[in-house]
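Dumped query-v2.cif below, it's mmCIF, C-alpha atoms:
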```cif
data_data
loop_
_atom_site.label_atom_id
_atom_site.label_comp_id
_atom_site.auth_asym_id
_atom_site.auth_seq_id
_atom_site.Cartn_x
_atom_site.Cartn_y
_atom_site.Cartn_z
CA ARG Y 1 154.90 26.15 -19.69
CA HIS Y 2 157.28 28.19 -17.56
CA LEU Y 3 154.49 29.92 -15.62
CA VAL Y 4 152.69 26.60 -15.20
CA ALA Y 5 155.87 25.05 -13.78
CA ILE Y 6 156.22 27.91 -11.29
CA ARG Y 7 152.55 27.83 -10.34
CA ASP Y 8 152.32 24.06 -9.86
CA GLY Y 9 155.77 23.82 -8.32
CA LEU Y 10 154.97 26.42 -5.68
CA ALA Y 11 151.57 24.86 -5.03
CA SER Y 12 153.29 21.55 -4.22
CA LEU Y 13 155.11 23.28 -1.36
CA MET Y 14 151.88 23.73 0.61
CA PRO Y 15 152.63 20.83 3.01
CA LEU Y 16 155.95 22.45 3.96
CA ILE Y 17 154.46 25.93 4.14
CA MET Y 18 151.48 24.90 6.23
CA ALA Y 19 153.51 22.65 8.55
CA GLY Y 20 155.91 25.50 9.27
CA SER Y 21 153.13 28.07 9.50
CA ILE Y 22 150.87 26.05 11.80
CA THR Y 23 153.70 25.28 14.22
CA LEU Y 24 154.71 28.94 14.25
CA LEU Y 25 151.08 29.91 14.82
CA LEU Y 26 150.75 27.51 17.74
CA ASN Y 27 154.04 28.70 19.17
CA ASN Y 28 153.26 32.41 18.79
CA VAL Y 29 149.71 32.17 20.12
CA VAL Y 30 149.59 29.28 22.59
CA PHE Y 31 152.88 27.85 23.84
CA SER Y 32 155.56 30.55 23.79
CA GLN Y 33 156.28 32.51 26.99
CA ASN Y 34 156.31 35.59 24.75
CA GLY Y 35 153.20 34.53 22.85
CA LEU Y 36 149.74 36.02 22.75
CA ILE Y 37 148.09 34.07 25.59
CA ALA Y 38 151.06 34.38 27.94
CA GLU Y 39 151.33 38.14 27.39
CA VAL Y 40 147.62 38.96 27.43
CA PHE Y 41 146.99 37.09 30.68
CA SER Y 42 150.47 37.75 32.20
CA LEU Y 43 151.17 34.04 32.56
CA GLN Y 44 154.84 34.05 31.54
CA GLU Y 45 155.96 32.73 34.94
CA SER Y 46 153.21 30.14 35.31
CA ALA Y 47 154.09 26.45 35.63
CA PHE Y 48 152.48 25.64 32.28
CA PHE Y 49 154.51 28.18 30.30
CA GLU Y 50 157.72 27.28 32.11
CA PHE Y 51 157.08 23.66 31.13
CA SER Y 52 156.13 24.72 27.61
CA ALA Y 53 159.24 26.88 27.21
CA LYS Y 54 161.42 23.87 28.04
CA TYR Y 55 159.65 21.00 26.30
CA ILE Y 56 156.99 22.21 23.81
CA SER Y 57 158.03 25.57 22.38
CA PRO Y 58 161.50 24.35 21.27
CA VAL Y 59 159.92 21.42 19.41
CA LEU Y 60 157.50 23.73 17.58
CA GLY Y 61 160.21 26.26 16.87
CA ILE Y 62 162.67 23.79 15.36
CA VAL Y 63 160.16 22.76 12.68
CA ASP Y 64 160.98 26.05 10.92
CA VAL Y 65 164.44 24.68 10.10
CA GLY Y 66 162.98 21.99 7.86
CA THR Y 67 160.05 23.93 6.43
CA LEU Y 68 160.03 27.71 5.97
CA SER Y 69 163.82 27.92 6.14
CA LEU Y 70 164.11 25.55 3.16
CA LEU Y 71 161.47 27.02 0.85
CA GLY Y 72 163.98 28.33 -1.70
CA LEU Y 73 165.72 24.98 -2.14
CA ALA Y 74 162.38 23.16 -2.15
CA ALA Y 75 161.00 25.56 -4.77
CA SER Y 76 163.92 25.00 -7.12
CA ILE Y 77 163.41 21.23 -6.84
CA SER Y 78 159.62 21.27 -7.21
CA ILE Y 79 159.63 23.70 -10.16
CA ALA Y 80 162.29 21.64 -11.95
CA TYR Y 81 160.44 18.40 -11.27
CA THR Y 82 157.16 19.88 -12.50
CA ARG Y 83 158.73 21.20 -15.67
CA ALA Y 84 160.50 17.90 -16.39
CA THR Y 85 157.40 15.75 -15.94
CA ASN Y 86 155.28 18.16 -17.99
CA GLU Y 87 157.79 18.04 -20.85
CA GLY Y 88 158.41 14.29 -20.87
CA HIS Y 89 161.79 14.17 -19.11
CA ASP Y 90 163.01 12.37 -16.00
CA GLY Y 91 161.67 14.40 -13.08
CA LEU Y 92 163.85 12.98 -10.32
CA VAL Y 93 167.16 13.35 -12.14
CA THR Y 94 166.25 16.86 -13.31
CA ALA Y 95 165.27 17.88 -9.79
CA ALA Y 96 168.51 16.49 -8.34
CA ILE Y 97 170.65 18.36 -10.88
CA THR Y 98 168.68 21.54 -10.21
CA ALA Y 99 169.20 21.25 -6.45
CA GLY Y 100 172.93 20.90 -7.04
CA SER Y 101 172.92 23.93 -9.36
CA PHE Y 102 171.10 26.01 -6.77
CA VAL Y 103 173.64 25.18 -4.07
CA ILE Y 104 176.63 25.68 -6.41
CA LEU Y 105 175.53 29.28 -7.01
CA GLY Y 106 176.18 30.02 -3.32
CA ALA Y 107 172.99 29.13 -1.47
CA LEU Y 108 174.78 27.86 1.63
CA SER Y 109 176.47 31.13 2.61
CA ARG Y 110 174.86 34.47 3.54
CA ASP Y 111 176.46 37.33 5.47
CA ASN Y 112 174.07 40.29 5.26
CA ASN Y 113 174.92 43.16 7.61
CA ILE Y 114 171.57 44.95 7.25
CA VAL Y 115 168.71 42.59 6.39
CA ALA Y 116 167.73 39.59 8.55
CA GLY Y 117 171.27 39.02 9.76
CA TRP Y 118 170.19 35.94 11.70
CA VAL Y 119 169.65 34.05 8.42
CA LYS Y 120 173.00 32.58 7.34
CA HIS Y 121 171.99 30.92 4.06
CA TYR Y 122 169.76 31.37 1.00
CA LEU Y 123 167.91 28.08 1.28
CA GLY Y 124 164.73 29.83 2.48
CA SER Y 125 162.69 32.77 1.21
CA GLN Y 126 165.81 34.94 0.80
CA GLY Y 127 166.76 32.71 -2.13
CA MET Y 128 163.27 32.29 -3.60
CA PHE Y 129 163.77 34.57 -6.62
CA ILE Y 130 166.95 32.77 -7.69
CA ALA Y 131 165.30 29.43 -6.91
CA MET Y 132 162.56 30.11 -9.46
CA ILE Y 133 165.10 31.11 -12.11
CA VAL Y 134 167.31 28.08 -11.46
CA GLY Y 135 164.21 25.86 -11.38
CA LEU Y 136 163.51 26.90 -14.98
CA VAL Y 137 167.02 27.39 -16.41
CA ALA Y 138 168.77 24.28 -15.04
CA PRO Y 139 166.17 21.93 -16.61
CA ALA Y 140 166.39 23.83 -19.91
CA ILE Y 141 170.17 23.30 -20.05
CA TYR Y 142 169.82 19.68 -18.98
CA PHE Y 143 167.14 19.03 -21.64
CA PHE Y 144 169.36 20.68 -24.29
CA PHE Y 145 172.06 18.05 -23.82
CA VAL Y 146 169.64 15.15 -23.36
CA ASN Y 147 167.82 16.01 -26.60
CA ARG Y 148 171.18 15.85 -28.42
CA ASN Y 149 171.77 12.32 -27.09
CA LEU Y 150 174.76 13.29 -24.97
CA THR Y 151 173.91 10.45 -22.63
CA ILE Y 152 175.29 7.09 -21.54
CA LYS Y 153 173.01 4.34 -22.77
CA MET Y 154 172.90 1.14 -20.74
CA PRO Y 155 171.80 -2.34 -21.93
CA ASP Y 156 168.13 -3.25 -21.58
CA SER Y 157 169.03 -5.75 -18.85
CA VAL Y 158 170.06 -2.91 -16.49
CA PRO Y 159 167.28 -1.82 -14.06
CA GLU Y 160 165.44 1.24 -15.27
CA ALA Y 161 166.35 3.39 -12.25
CA VAL Y 162 170.06 2.67 -12.76
CA SER Y 163 169.76 3.31 -16.50
CA ARG Y 164 168.10 6.69 -15.88
CA GLY Y 165 170.86 7.65 -13.48
CA PHE Y 166 173.62 6.84 -15.97
CA ALA Y 167 171.75 8.68 -18.72
CA GLY Y 168 171.90 11.85 -16.65
CA ILE Y 169 175.63 11.80 -15.89
CA ILE Y 170 176.93 13.73 -18.92
CA PRO Y 171 174.11 16.30 -19.29
CA GLY Y 172 173.97 16.70 -15.50
CA THR Y 173 177.70 17.33 -15.22
CA LEU Y 174 177.63 19.89 -18.03
CA THR Y 175 174.68 21.67 -16.38
CA LEU Y 176 176.46 21.82 -13.01
CA LEU Y 177 179.63 23.11 -14.69
CA PHE Y 178 177.61 25.89 -16.31
CA PHE Y 179 176.41 27.15 -12.92
CA ALA Y 180 179.85 26.69 -11.38
CA ALA Y 181 181.29 28.93 -14.12
CA ILE Y 182 178.66 31.57 -13.32
CA ARG Y 183 179.55 31.38 -9.62
CA VAL Y 184 183.26 31.92 -10.28
CA GLY Y 185 182.68 34.58 -12.94
CA ILE Y 186 180.45 36.73 -10.73
CA SER Y 187 182.89 36.51 -7.82
CA GLU Y 188 185.58 38.09 -10.02
CA ILE Y 189 183.49 41.17 -10.89
CA ASN Y 190 183.48 44.33 -8.80
CA PHE Y 191 179.96 45.59 -7.98
CA PRO Y 192 180.19 49.09 -6.42
CA GLY Y 193 178.08 49.68 -3.31
CA ILE Y 194 177.22 46.08 -2.61
CA GLU Y 195 179.64 46.01 0.33
CA GLU Y 196 177.22 48.34 2.17
CA MET Y 197 174.87 45.41 2.67
CA PHE Y 198 177.27 42.45 2.78
CA ASN Y 199 180.58 41.57 4.37
CA PRO Y 200 183.24 42.96 1.98
CA GLU Y 201 185.34 39.83 2.47
CA SER Y 202 182.57 37.56 1.20
CA PRO Y 203 182.82 36.60 -2.51
CA VAL Y 204 179.92 38.11 -4.45
CA THR Y 205 177.25 35.60 -5.51
CA VAL Y 206 174.15 35.83 -7.66
CA PHE Y 207 172.10 35.64 -4.45
CA MET Y 208 173.76 38.79 -3.13
CA LEU Y 209 173.09 40.57 -6.42
CA SER Y 210 169.45 39.49 -6.23
CA GLU Y 211 169.08 40.87 -2.70
CA TYR Y 212 170.83 44.14 -3.48
CA TYR Y 213 169.40 44.95 -6.92
CA ILE Y 214 166.03 43.15 -6.98
CA SER Y 215 164.59 42.06 -3.63
CA LYS Y 216 165.13 45.35 -1.83
CA PRO Y 217 163.58 47.59 -4.55
CA PHE Y 218 160.74 45.14 -5.24
CA SER Y 219 159.85 44.86 -1.56
CA THR Y 220 159.39 48.62 -1.44
CA VAL Y 221 157.31 48.73 -4.64
CA SER Y 222 155.11 45.92 -3.35
CA GLN Y 223 154.17 48.01 -0.31
CA GLY Y 224 152.78 50.82 -2.45
CA LEU Y 225 149.02 51.11 -2.85
CA PRO Y 226 149.11 51.29 -6.70
CA MET Y 227 150.70 47.84 -6.98
CA ILE Y 228 148.26 46.35 -4.47
CA ILE Y 229 145.28 47.86 -6.32
CA LEU Y 230 146.60 46.56 -9.66
CA VAL Y 231 146.95 43.00 -8.38
CA SER Y 232 143.59 43.18 -6.60
CA THR Y 233 141.90 44.24 -9.85
CA LEU Y 234 143.52 41.67 -12.12
CA VAL Y 235 142.55 38.62 -10.01
CA PRO Y 236 138.74 39.06 -10.33
CA LEU Y 237 139.11 40.36 -13.90
CA PHE Y 238 140.68 37.07 -14.94
CA TRP Y 239 138.03 35.16 -13.00
CA PHE Y 240 135.23 36.99 -14.83
CA PHE Y 241 136.48 35.42 -18.06
CA GLY Y 242 136.60 31.97 -16.46
CA LEU Y 243 140.34 31.98 -15.75
CA HIS Y 244 141.67 31.21 -12.26
CA GLY Y 245 142.88 34.71 -11.38
CA ALA Y 246 144.69 33.78 -8.18
CA ASN Y 247 146.63 30.98 -9.89
CA ILE Y 248 147.50 33.15 -12.88
CA MET Y 249 148.86 35.89 -10.63
CA THR Y 250 150.79 33.51 -8.36
CA PRO Y 251 154.03 33.65 -10.40
CA ILE Y 252 153.92 37.45 -10.08
CA MET Y 253 152.71 37.68 -6.48
CA SER Y 254 154.82 34.94 -4.87
CA PRO Y 255 158.25 36.53 -5.52
CA MET Y 256 157.05 39.70 -3.79
CA TYR Y 257 154.25 39.03 -1.35
CA GLY Y 258 154.97 35.38 -0.59
CA VAL Y 259 158.57 36.19 0.31
CA LEU Y 260 157.42 39.12 2.47
CA GLN Y 261 154.92 36.83 4.20
CA ASN Y 262 157.73 34.48 5.18
CA HIS Y 263 159.85 37.49 6.16
CA ASN Y 264 157.12 38.68 8.53
CA LEU Y 265 156.76 35.25 10.13
CA GLN Y 266 160.46 34.85 10.78
CA ALA Y 267 161.04 38.50 11.78
CA PHE Y 268 158.17 38.31 14.28
CA GLU Y 269 159.70 35.15 15.71
CA GLN Y 270 162.91 37.16 16.22
CA GLY Y 271 161.04 39.78 18.25
CA ILE Y 272 160.65 42.44 15.53
CA ARG Y 273 157.40 44.39 15.92
CA THR Y 274 157.95 47.63 13.95
CA VAL Y 275 156.14 47.92 10.59
CA SER Y 276 157.35 49.96 7.62
CA GLY Y 277 157.00 50.33 3.85
CA ASP Y 278 160.59 49.17 3.36
CA PRO Y 279 160.66 45.94 5.36
CA ILE Y 280 163.69 44.34 3.74
CA GLY Y 281 165.87 47.43 3.98
CA ASN Y 282 164.93 48.34 7.55
CA ASN Y 283 164.58 44.90 9.15
CA THR Y 284 160.93 45.60 9.94
CA LEU Y 285 157.59 43.92 9.25
CA ALA Y 286 155.75 44.56 5.97
CA TYR Y 287 152.39 46.32 5.75
CA TRP Y 288 151.06 43.98 3.06
CA VAL Y 289 151.92 40.32 2.40
CA SER Y 290 150.24 37.42 0.64
CA GLY Y 291 148.08 36.66 3.69
CA SER Y 292 146.68 40.19 3.62
CA TRP Y 293 144.40 39.27 0.71
CA ASP Y 294 142.95 36.34 2.66
CA ALA Y 295 142.48 38.50 5.74
CA TYR Y 296 140.93 41.61 4.15
CA VAL Y 297 139.99 40.95 0.51
CA TYR Y 298 139.00 37.35 -0.29
CA HIS Y 299 135.84 37.28 1.83
CA GLY Y 300 134.37 34.03 0.56
CA GLY Y 301 136.88 33.78 -2.28
CA SER Y 302 138.03 35.96 -5.16
CA GLY Y 303 135.74 38.94 -5.66
CA ALA Y 304 134.52 38.75 -2.04
CA THR Y 305 131.52 36.63 -3.00
CA LEU Y 306 130.31 35.74 0.51
CA PRO Y 307 128.63 39.18 0.87
CA LEU Y 308 127.07 38.62 -2.57
CA ILE Y 309 125.64 35.30 -1.40
CA LEU Y 310 124.14 37.00 1.65
CA ALA Y 311 122.74 39.82 -0.49
CA ILE Y 312 121.07 37.34 -2.84
CA VAL Y 313 119.58 35.34 0.04
CA LEU Y 314 118.13 38.52 1.56
CA PHE Y 315 117.10 40.59 -1.47
CA SER Y 316 116.89 38.47 -4.60
CA LYS Y 317 113.46 37.67 -6.02
CA ARG Y 318 114.82 35.10 -8.43
CA LYS Y 319 114.32 31.56 -7.15
CA ASP Y 320 117.15 30.19 -9.28
CA GLN Y 321 119.70 32.60 -7.82
CA LYS Y 322 118.41 32.18 -4.25
CA GLU Y 323 118.74 28.39 -4.50
CA ILE Y 324 122.26 28.64 -5.87
CA ALA Y 325 123.17 31.16 -3.17
CA LYS Y 326 121.87 28.88 -0.41
CA MET Y 327 123.91 25.97 -1.75
CA SER Y 328 126.97 28.22 -2.05
CA LEU Y 329 126.73 29.62 1.48
CA ALA Y 330 128.50 26.80 3.34
CA PRO Y 331 131.43 26.57 0.88
CA GLY Y 332 131.59 30.37 0.79
CA LEU Y 333 132.11 30.54 4.54
CA PHE Y 334 135.30 28.57 3.98
CA MET Y 335 136.52 30.65 1.02
CA ILE Y 336 135.37 28.25 -1.71
CA ASN Y 337 133.37 30.17 -4.27
CA GLU Y 338 133.35 28.01 -7.42
CA PRO Y 339 129.64 27.16 -6.83
CA ILE Y 340 128.63 30.82 -7.02
CA LEU Y 341 131.17 31.70 -9.73
CA PHE Y 342 129.98 29.02 -12.14
CA GLY Y 343 126.50 28.32 -10.77
CA LEU Y 344 125.01 31.81 -10.71
CA PRO Y 345 127.09 32.38 -12.81
CA ILE Y 346 129.35 35.37 -12.21
CA VAL Y 347 131.65 34.31 -15.03
CA LEU Y 348 130.72 36.31 -18.16
CA ASN Y 349 127.65 37.71 -16.37
CA PRO Y 350 127.45 41.43 -17.28
CA VAL Y 351 125.14 42.21 -14.34
CA TYR Y 352 127.77 41.34 -11.74
CA PHE Y 353 130.87 42.39 -13.69
CA ILE Y 354 131.26 45.81 -12.04
CA PRO Y 355 130.83 44.84 -8.36
CA PHE Y 356 132.83 41.63 -8.77
CA VAL Y 357 135.85 43.47 -10.20
CA ILE Y 358 135.78 46.68 -8.13
CA ASN Y 359 135.21 44.94 -4.80
CA GLN Y 360 138.73 43.67 -4.40
CA PRO Y 361 140.65 46.92 -4.99
CA ILE Y 362 138.28 48.74 -2.62
CA LEU Y 363 138.70 46.14 0.12
CA ALA Y 364 142.45 46.02 -0.45
CA THR Y 365 142.62 49.81 -0.06
CA ILE Y 366 140.71 49.61 3.23
CA GLY Y 367 142.93 46.83 4.55
CA TYR Y 368 146.13 48.54 3.40
CA LEU Y 369 145.28 51.92 4.93
CA SER Y 370 144.22 50.26 8.17
CA SER Y 371 147.48 48.29 8.30
CA LYS Y 372 149.60 51.30 7.43
CA ALA Y 373 147.89 53.42 10.09
CA GLY Y 374 148.64 50.75 12.68
CA PHE Y 375 144.96 50.11 13.42
CA ALA Y 376 145.22 46.57 12.05
CA GLY Y 377 148.22 44.62 13.23
CA PRO Y 378 150.65 43.16 10.68
CA ILE Y 379 150.24 39.66 9.29
CA VAL Y 380 152.61 37.50 11.34
CA ASN Y 381 151.03 34.05 11.04
CA THR Y 382 150.07 31.95 8.04
CA VAL Y 383 146.65 30.37 8.44
CA PRO Y 384 144.84 27.99 6.08
CA TRP Y 385 143.18 29.88 3.21
CA THR Y 386 139.90 28.12 4.07
CA THR Y 387 139.68 29.95 7.41
CA PRO Y 388 136.43 32.00 7.53
CA PRO Y 389 136.54 35.80 7.25
CA ILE Y 390 137.28 37.83 10.41
CA LEU Y 391 138.67 34.71 12.13
CA ASN Y 392 141.29 34.64 9.38
CA ALA Y 393 142.32 38.23 10.17
CA LEU Y 394 142.40 37.49 13.91
CA LEU Y 395 144.65 34.45 13.61
CA ALA Y 396 146.91 35.92 10.93
CA THR Y 397 147.67 39.03 13.00
CA ASN Y 398 148.10 37.26 16.34
CA PHE Y 399 144.64 38.41 17.46
CA SER Y 400 144.72 42.07 16.48
CA ILE Y 401 141.24 43.45 17.26
CA GLY Y 402 141.82 46.21 14.72
CA ALA Y 403 142.41 43.60 12.03
CA ALA Y 404 139.16 41.83 12.90
CA LEU Y 405 137.24 45.12 12.81
CA THR Y 406 138.84 45.99 9.47
CA ALA Y 407 137.79 42.64 8.01
CA ALA Y 408 134.26 43.07 9.40
CA PHE Y 409 134.05 46.57 7.93
CA GLY Y 410 135.19 45.19 4.57
CA LEU Y 411 132.41 42.60 4.67
CA VAL Y 412 129.84 45.34 5.23
CA VAL Y 413 131.25 47.52 2.44
CA SER Y 414 131.28 44.61 0.02
CA PHE Y 415 127.69 43.73 0.93
CA ILE Y 416 126.58 47.32 0.25
CA ILE Y 417 128.35 47.29 -3.14
CA TYR Y 418 126.61 44.09 -4.22
CA VAL Y 419 123.06 44.91 -3.09
CA PRO Y 420 122.12 47.32 -5.96
CA PHE Y 421 123.27 44.78 -8.52
CA VAL Y 422 121.23 42.04 -6.87
CA TYR Y 423 118.18 44.29 -7.30
CA ALA Y 424 119.21 44.88 -10.91
CA ALA Y 425 119.43 41.12 -11.46
CA ASN Y 426 115.80 40.81 -10.32
CA HIS Y 427 114.75 42.60 -13.50
CA VAL Y 428 116.89 40.53 -15.86
CA SER Y 429 115.03 37.86 -17.79
CA VAL Y 430 115.99 34.28 -17.01
CA ASP Y 431 115.51 33.25 -20.64
#
```

Just dump the structure as structure tokens.
Amino acid sequence: RHLVAIRDGLASLMPLIMAGSITLLLNNVVFSQNGLIAEVFSLQESAFFEFSAKYISPVLGIVDVGTLSLLGLAASISIAYTRATNEGHDGLVTAAITAGSFVILGALSRDNNIVAGWVKHYLGSQGMFIAMIVGLVAPAIYFFFVNRNLTIKMPDSVPEAVSRGFAGIIPGTLTLLFFAAIRVGISEINFPGIEEMFNPESPVTVFMLSEYYISKPFSTVSQGLPMIILVSTLVPLFWFFGLHGANIMTPIMSPMYGVLQNHNLQAFEQGIRTVSGDPIGNNTLAYWVSGSWDAYVYHGGSGATLPLILAIVLFSKRKDQKEIAKMSLAPGLFMINEPILFGLPIVLNPVYFIPFVINQPILATIGYLSSKAGFAGPIVNTVPWTTPPILNALLATNFSIGAALTAAFGLVVSFIIYVPFVYAANHVSVD
């Protein structure tokens, strides 16, 4: 239930994520004087971009304040609400208490001397790891007191909304006091070395401990090829057994690659262009973020099934598979591959097990090496996951030609991997 709460809670943030991402994309590509179009065509001093810099770009840029810069707080609320509703408790009261707990821990104050110094709070991606913990722990504490009837019960004549509010006063207060005690307790402990990253005069908070002991090491591990290959293998492996691999891996991937994705977007907006394998520690862009899978790996969906559809259309002699492939082509162009996964099917189909599982780690390796070598530009924009292959890579990297060529090369490689197995399927009995 905890992983489900994280998965569904994070999924509910898509309107915020996409609103912030689309406005950043438009700003970075179209309207900013330092954006792609202005720089490529040397139009920074043109009347349009002078007008845009004064009236359009600021409007697009300020959207970040209420979207990407609030993801941590929003995540704590959405995860708590999801858990409460799934477990039969009051979702709104639980979410409100959780938001208060998150802020009490020190979310409003950040003074990092090394990493993203322009961010002065933990309400965004910098606080995402703690947000997920608080989103699970605060409801658990609140439920503990509610289940023991430590509540104020109002007469039946009182409106339900008012009654629910009064019922949450005692358990809510005790939950907030718990997190307040943690805040004060941590501030009294001496943590050697932490002053290297933060202002020594700032009281230590759990957010600072998370940045120093967890986020920084994890961001480095996430940029290593072994971790990327492991994740890229597990997603299609789960799918082969009929389980939604991407959703299952979200609670593991989001704290690392989702946070780094947001880091890249905001760092790029601040003018940072250097890429490294230690993005958090060096104030640089990351090689690999959550959008990297959409750009270089998920060609047509998990397992890169769009090349399989094309291979079946061209080389299959089985009418049933050709018909399914034709019907799956249009959805596959927009990264929707359930028709081919369950229609062919690929799920529990031993013929396609090997190419379906090995495709992703191979494509991820190609994309990673290309990004690390600097041939493919870093992911600096978030684009809708339904964006077709190649175009996805172009938009996500602010129109890096190397990224588009890398995605195109991955499509060809995936097609070549699938072709022998399509021929093998021709000799498998339909009965």

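Close contacts of Val137 in chain Y, defined as residues with an atom at most 10 Å away when counting only C-alpha atoms, with chain neighbours fewer than 3 positions off set aside, comprise His2, Ala80, Thr98, Ser101, Ala131, Met132, Ile133, Val134, Ala140, Ile141, Tyr142, Phe143 and Thr175 of chain Y.
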
Seminar exercise, completed: A straight line from CA of Lys322 in chain Y to CA of Ile309 in chain Y spans 8.4 Å

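If you measure from each of Y:Leu68, Y:Leu348, Y:Ile169, Y:Ala425 to Asp320 in chain Y using only C-alpha atoms, the closest one turns out to be Y:Ala425.
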
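CA of Glu160 in chain Y sits 15.8 Å away from CA of Thr94 in chain Y.
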
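Every protein or nucleic acid residue with an atom no more than 10 Å from Leu237 in chain Y, counting only C-alpha atoms and leaving out same-chain residues fewer than 2 positions away, appears here: Val231, Ser232, Thr233, Leu234, Val235, Trp239, Phe240, Phe241, Gly242, Leu243, His244, Gly245, Ser302, Gly303, Val347, Phe353, Ile354, Phe356, Val357 and Ile358 of chain Y.
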
Residue contacts of range 40-55 of chain Y (10 Å, all atoms listed in the file) excluding same-chain residues fewer than 6 positions away, as a tab-separated table (two decimals) with C-alpha atoms, in the coordinates of the input:
```tsv
chain	number	residue	atom	x	y	z
Y	27	ASN	CA	154.04	28.70	19.17
Y	30	VAL	CA	149.59	29.28	22.59
Y	31	PHE	CA	152.88	27.85	23.84
Y	32	SER	CA	155.56	30.55	23.79
Y	33	GLN	CA	156.28	32.51	26.99
Y	34	ASN	CA	156.31	35.59	24.75
```

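The closest residue to Ala295 in chain Y, picked from Y:Met197, Y:Ile379, Y:Ala99, Y:Ala424 and counting all atoms listed in the file, is Y:Ile379.
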